[in-house]
>>> print(open('upload.cif').read())   # mmCIF, C-alpha atoms
data_final
loop_
_atom_site.label_atom_id
_atom_site.label_comp_id
_atom_site.auth_asym_id
_atom_site.auth_seq_id
_atom_site.Cartn_x
_atom_site.Cartn_y
_atom_site.Cartn_z
CA MET A 14 158.08 55.24 118.41
CA ARG A 15 156.26 55.49 115.08
CA LEU A 16 157.72 57.12 111.98
CA ARG A 17 156.05 57.73 108.63
CA LEU A 18 158.48 57.38 105.71
CA THR A 19 157.83 58.87 102.29
CA LEU A 20 159.55 56.72 99.68
CA ASN A 21 160.28 57.66 96.07
CA THR A 22 161.04 54.93 93.57
CA THR A 23 164.08 55.11 91.31
CA ASN A 24 162.51 52.71 88.78
CA ARG A 25 160.68 53.80 85.65
CA THR A 26 158.15 51.02 86.27
CA THR A 27 157.95 49.76 89.83
CA ILE A 28 157.02 46.11 90.32
CA VAL A 29 157.27 44.29 93.65
CA PRO A 30 156.30 40.76 94.70
CA ILE A 31 152.91 40.44 96.42
CA ASN A 32 154.76 38.93 99.37
CA TYR A 33 157.24 41.82 99.67
CA GLN A 34 157.29 41.99 103.48
CA TYR A 35 160.30 39.71 104.04
CA PRO A 36 162.70 41.44 101.59
CA PHE A 37 161.45 44.81 102.86
CA SER A 38 162.17 43.77 106.46
CA ALA A 39 165.68 42.70 105.38
CA ALA A 40 166.23 46.11 103.75
CA ILE A 41 165.22 47.92 106.95
CA TYR A 42 167.54 45.70 109.02
CA LYS A 43 170.43 46.58 106.68
CA ILE A 44 169.89 50.29 107.31
CA ILE A 45 169.85 49.73 111.08
CA GLN A 46 172.93 47.50 110.87
CA ARG A 47 174.96 50.12 108.99
CA ALA A 48 174.22 52.65 111.73
CA ASP A 49 174.21 50.45 114.83
CA ALA A 50 175.48 46.89 114.41
CA VAL A 51 174.96 46.07 118.10
CA TYR A 52 171.27 47.09 118.12
CA SER A 53 170.71 45.34 114.79
CA ALA A 54 172.24 42.10 116.08
CA PHE A 55 170.17 42.39 119.26
CA LEU A 56 166.93 42.73 117.26
CA HIS A 57 167.80 39.99 114.78
CA ASN A 58 169.27 37.39 117.14
CA TYR A 59 167.67 37.99 120.50
CA GLY A 60 165.04 40.70 120.98
CA TYR A 61 163.25 41.77 124.13
CA GLY A 62 162.24 39.18 126.68
CA ASN A 63 163.48 36.48 129.01
CA GLU A 64 164.83 32.96 128.59
CA HIS A 65 161.50 31.66 127.29
CA LYS A 66 159.96 34.47 125.22
CA HIS A 67 161.65 36.85 122.81
CA PHE A 68 160.08 39.64 120.75
CA LYS A 69 161.64 42.05 118.27
CA LEU A 70 159.07 44.79 119.01
CA PHE A 71 159.72 46.22 115.58
CA THR A 72 157.18 46.27 112.76
CA PHE A 73 156.09 48.17 109.68
CA SER A 74 152.89 48.73 107.77
CA ASP A 75 151.99 47.71 104.25
CA LEU A 76 153.11 50.11 101.52
CA ASN A 77 150.47 52.81 101.15
CA VAL A 78 150.32 53.28 97.38
CA PRO A 79 147.80 52.47 94.62
CA PHE A 80 148.70 49.26 92.76
CA GLN A 81 147.51 46.77 90.18
CA ILE A 82 147.85 43.01 90.71
CA ALA A 83 149.64 41.17 87.89
CA ASN A 84 149.97 37.46 88.71
CA ASP A 85 152.23 37.31 91.79
CA ARG A 86 153.39 40.94 91.40
CA LEU A 87 152.15 44.37 92.40
CA LEU A 88 152.53 47.06 89.74
CA LEU A 89 152.72 50.35 91.65
CA LYS A 90 150.67 53.14 90.08
CA ARG A 91 152.63 56.03 91.61
CA ASP A 92 156.32 56.78 92.02
CA ASN A 93 156.00 57.49 95.75
CA ALA A 94 154.63 55.52 98.68
CA LYS A 95 154.10 55.95 102.42
CA LEU A 96 155.16 53.48 105.08
CA LEU A 97 154.88 53.42 108.88
CA VAL A 98 157.83 51.97 110.82
CA CYS A 99 157.41 51.24 114.54
CA PHE A 100 160.15 50.56 117.13
CA HIS A 101 160.18 50.05 120.86
CA LEU A 102 162.76 52.72 121.64
CA PRO A 103 162.86 55.67 124.03
CA GLN A 104 161.62 58.97 122.60
CA ALA A 105 165.13 60.37 123.12
CA ALA A 106 166.31 58.13 120.25
CA GLU A 107 163.87 59.68 117.76
CA ASN A 108 166.34 62.03 116.05
CA PHE A 109 168.93 59.26 115.89
CA VAL A 110 166.45 56.90 114.20
CA LYS A 111 165.27 59.60 111.79
CA GLY A 112 168.90 60.15 110.82
CA LEU A 113 169.30 56.43 110.10
CA PHE A 114 166.63 56.46 107.43
CA MET A 115 166.97 59.86 105.75
CA ASN A 116 168.10 59.52 102.11
CA GLN A 117 168.67 55.78 102.54
CA GLN A 118 167.76 53.26 99.85
CA LEU A 119 165.34 50.39 100.45
CA GLU A 120 165.38 47.55 97.97
CA ILE A 121 162.64 44.98 97.39
CA ALA A 122 164.01 42.23 95.18
CA ASP A 123 163.64 38.58 94.32
CA LYS A 124 164.55 36.46 91.29
CA THR A 125 161.84 38.07 89.15
CA SER A 126 161.85 41.79 89.94
CA LYS A 127 163.71 44.53 91.78
CA ALA A 128 162.45 47.88 93.05
CA THR A 129 164.54 50.54 94.74
CA PHE A 130 163.12 53.32 96.91
CA VAL A 131 164.84 56.37 98.41
CA VAL A 132 163.59 57.76 101.73
CA GLN A 133 162.62 61.37 100.94
CA GLN A 134 160.86 62.41 104.13
CA ILE A 135 160.45 61.20 107.73
CA GLU A 136 157.70 62.35 110.08
CA SER A 137 157.00 61.42 113.69
CA VAL A 138 153.51 60.00 114.20
CA ALA A 139 151.79 60.63 117.51
CA GLU A 140 150.97 57.42 119.36
CA ASN A 141 147.35 58.37 119.94
CA ILE A 142 145.31 55.56 121.46
CA ASP A 143 141.57 56.07 121.55
CA TYR A 144 140.50 54.98 125.02
CA ALA A 145 137.77 55.77 127.53
CA SER A 146 137.50 54.88 131.20
CA ASP A 147 134.17 54.06 132.85
CA LYS A 148 133.11 54.17 136.51
CA ASN A 149 134.63 50.75 137.25
CA GLU A 150 138.10 51.95 136.23
CA SER A 151 138.16 49.65 133.22
CA ILE A 152 139.64 51.06 130.04
CA SER A 153 138.38 50.61 126.51
CA VAL A 154 141.03 50.83 123.78
CA THR A 155 140.40 50.90 120.03
CA VAL A 156 143.20 49.54 117.85
CA GLN A 157 143.43 48.87 114.13
CA PRO A 158 146.26 46.85 112.55
CA LEU A 159 148.22 48.46 109.73
CA SER A 160 149.24 45.14 108.19
CA PRO A 161 148.02 41.52 108.38
CA VAL A 162 147.86 40.03 111.89
CA VAL A 163 149.13 36.51 112.56
CA ALA A 164 148.05 34.44 115.57
CA GLY A 165 148.87 30.85 116.43
CA ARG A 166 149.05 28.20 119.10
CA LYS A 167 151.96 25.82 119.73
CA ASN A 168 151.25 22.17 118.97
CA ASP A 169 152.68 19.06 120.67
CA LYS A 170 155.83 19.25 118.52
CA GLY A 171 156.56 22.83 119.60
CA TYR A 172 155.62 24.37 116.25
CA TYR A 173 152.89 26.93 115.69
CA ASP A 174 149.53 26.08 114.16
CA TYR A 175 148.42 29.40 112.71
CA ARG A 176 144.80 30.31 113.24
CA SER A 177 142.24 31.79 110.88
CA PRO A 178 140.21 34.78 112.14
CA ALA A 179 137.21 32.44 111.75
CA ASP A 180 138.65 29.99 114.34
CA ALA A 181 137.04 30.14 117.78
CA ASP A 182 140.40 30.58 119.54
CA PHE A 183 141.87 33.23 117.18
CA THR A 184 141.07 36.11 119.55
CA ASP A 185 142.44 34.23 122.58
CA CYS A 186 145.72 33.53 120.72
CA LEU A 187 145.97 37.17 119.64
CA LEU A 188 145.34 38.54 123.14
CA HIS A 189 147.81 36.09 124.71
CA ASN A 190 150.52 37.33 122.32
CA TRP A 191 149.78 41.00 123.07
CA ILE A 192 149.80 40.38 126.81
CA GLU A 193 153.17 38.57 126.63
CA LYS A 194 154.68 41.46 124.66
CA TYR A 195 153.30 44.05 127.06
CA LYS A 196 154.68 42.18 130.08
CA THR A 197 158.09 41.94 128.40
CA VAL A 198 158.37 45.71 128.14
CA HIS A 199 156.43 46.98 131.17
CA ASP A 200 156.89 44.17 133.69
CA ALA A 201 153.17 44.51 134.32
CA ASP A 202 150.99 42.65 136.77
CA ALA A 203 149.85 39.49 134.96
CA ASN A 204 146.57 39.34 136.91
CA CYS A 205 145.56 42.78 135.71
CA LEU A 206 146.42 41.98 132.09
CA GLN A 207 144.55 38.67 132.09
CA GLN A 208 141.31 40.66 132.38
CA ILE A 209 141.71 42.04 128.85
CA LYS A 210 138.69 41.24 126.70
CA VAL A 211 137.67 41.96 123.12
#
>>> encode(input="upload.cif", output="structure tokens")
Amino acid sequence: MRLRLTLNTTNRTTIVPINYQYPFSAAIYKIIQRADAVYSAFLHNYGYGNEHKHFKLFTFSDLNVPFQIANDRLLLKRDNAKLLVCFHLPQAAENFVKGLFMNQQLEIADKTSKATFVVQQIESVAENIDYASDKNESISVTVQPLSPVVAGRKNDKGYYDYRSPADADFTDCLLHNWIEKYKTVHDADANCLQQIKV
């Protein structure tokens, strides 16, 4: 489920940290928690998966708004912004989720600055995937990330070594992560998914 939120700022001058994603994620979790504490706790503490792999299957895009960089801050040039929020939820929950966000406040704050946004509008976004099948039944899918993509590989200590897109194994790490998430939700045949190529 993908929703486009239109946010209006309540600040006369809106300044957010360049690395605003973490406080923004916390603000979204607070909205979910107020409406459904059980689902919020599930996302935050456990997620989808089995005993070895867990995924939140919840993400959001960068803020879509013109800005000016000032040191480690973004000075927003308009008083409204767009944002895509994506959940793995049944379509039947769409109206419930829309109701969670309508007229809610989202706050992006740290020790230096604070910006408050009010959700003014919520639109459903069709999950259109551009794909084409050829004679061999293979499927080509075109995807484009809406925010930075992170890929990594676990080292001997069990921690992740994050990869640069210039690293030879970046694509392999990225595909492995996508395949694991897909299997978590769809219980798909691993042999079929291992044939995915970029």
>>> residues_around(input="upload.cif", residues="segment 183-191 of chain A", least_positions_apart="4", cutoff="6 Å", atoms="only C-alpha atoms", output="list in words")
Ala164, Gly165, Arg176 and Pro178 of chain A
>>> closest_residue(input="upload.cif", among="A:Phe37, A:Val110, A:Glu120, A:Thr19", to="Val78 of chain A", atoms="all atoms listed in the file")
A:Thr19
>>> closest_residue(input="upload.cif", among="A:Val198, A:Ile82, A:Ile44, A:Ala39", to="Ile121 of chain A", atoms="only C-alpha atoms")
A:Ala39
>>> atom_distance(input="upload.cif", atom1="atom CA of Thr125 of chain A", atom2="atom CA of Asn24 of chain A")
14.7 Å
>>> atom_distance(input="upload.cif", atom1="atom CA of Ile45 of chain A", atom2="atom CA of Leu87 of chain A")
26.3 Å
>>> closest_residue(input="upload.cif", among="A:Val29, A:Asp180, A:Gln157, A:Ala40", to="Leu76 of chain A", atoms="all atoms listed in the file")
A:Val29
>>> resolve_selection(input="upload.cif", expression="the PyMOL selection byres ((chain A and resi 23) around 8)", output="PyMOL selection string")
chain A and resi 21-22+24-25+92+128-131
>>> atom_distance(input="upload.cif", atom1="atom CA of Thr72 of chain A", atom2="atom CA of Asn168 of chain A")
25.6 Å
>>> closest_residue(input="upload.cif", among="A:Asn77, A:Glu136, A:Phe100, A:Leu113", to="Gln46 of chain A", atoms="all atoms listed in the file")
A:Leu113
>>> residues_around(input="upload.cif", residues="Leu88 of chain A", least_positions_apart="5", cutoff="8 Å", atoms="all atoms listed in the file", output="list in words")
Thr26, Thr27, Ile28, Val29, Phe80, Gln81, Ile82 and Ala83 of chain A
>>> closest_residue(input="upload.cif", among="A:Leu89, A:Ile41, A:Ile135, A:Leu97", to="Met115 of chain A", atoms="all atoms listed in the file")
A:Ile135
>>> residues_near_point(input="upload.cif", point="(160.8, 62.8, 106.1)", cutoff="9 Å", atoms="all atoms listed in the file", output="PyMOL selection string")
chain A and resi 16-20+111+114-116+132-137
>>> resolve_selection(input="upload.cif", expression="the PyMOL selection byres ((chain A and resi 74) around 6)", output="short mmCIF file (atom, residue, chain, number, x, y, z; two decimals) with C-alpha atoms, in the coordinates of the input")
data_model
loop_
_atom_site.label_atom_id
_atom_site.label_comp_id
_atom_site.auth_asym_id
_atom_site.auth_seq_id
_atom_site.Cartn_x
_atom_site.Cartn_y
_atom_site.Cartn_z
CA PHE A 73 156.09 48.17 109.68
CA ASP A 75 151.99 47.71 104.25
CA LEU A 96 155.16 53.48 105.08
CA LEU A 97 154.88 53.42 108.88
CA LEU A 159 148.22 48.46 109.73
CA SER A 160 149.24 45.14 108.19
#
>>> axis_aligned_box(input="upload.cif", around="segment 182-196 of chain A", padding_each_side="3 Å", output="JSON")
{"center_x": 147.5, "center_y": 37.3, "center_z": 123.6, "size_x": 20.3, "size_y": 19.5, "size_z": 18.9}
>>> closest_residue(input="upload.cif", among="A:Val98, A:Glu193, A:Pro161, A:Ala122", to="Val138 of chain A", atoms="only C-alpha atoms")
A:Val98
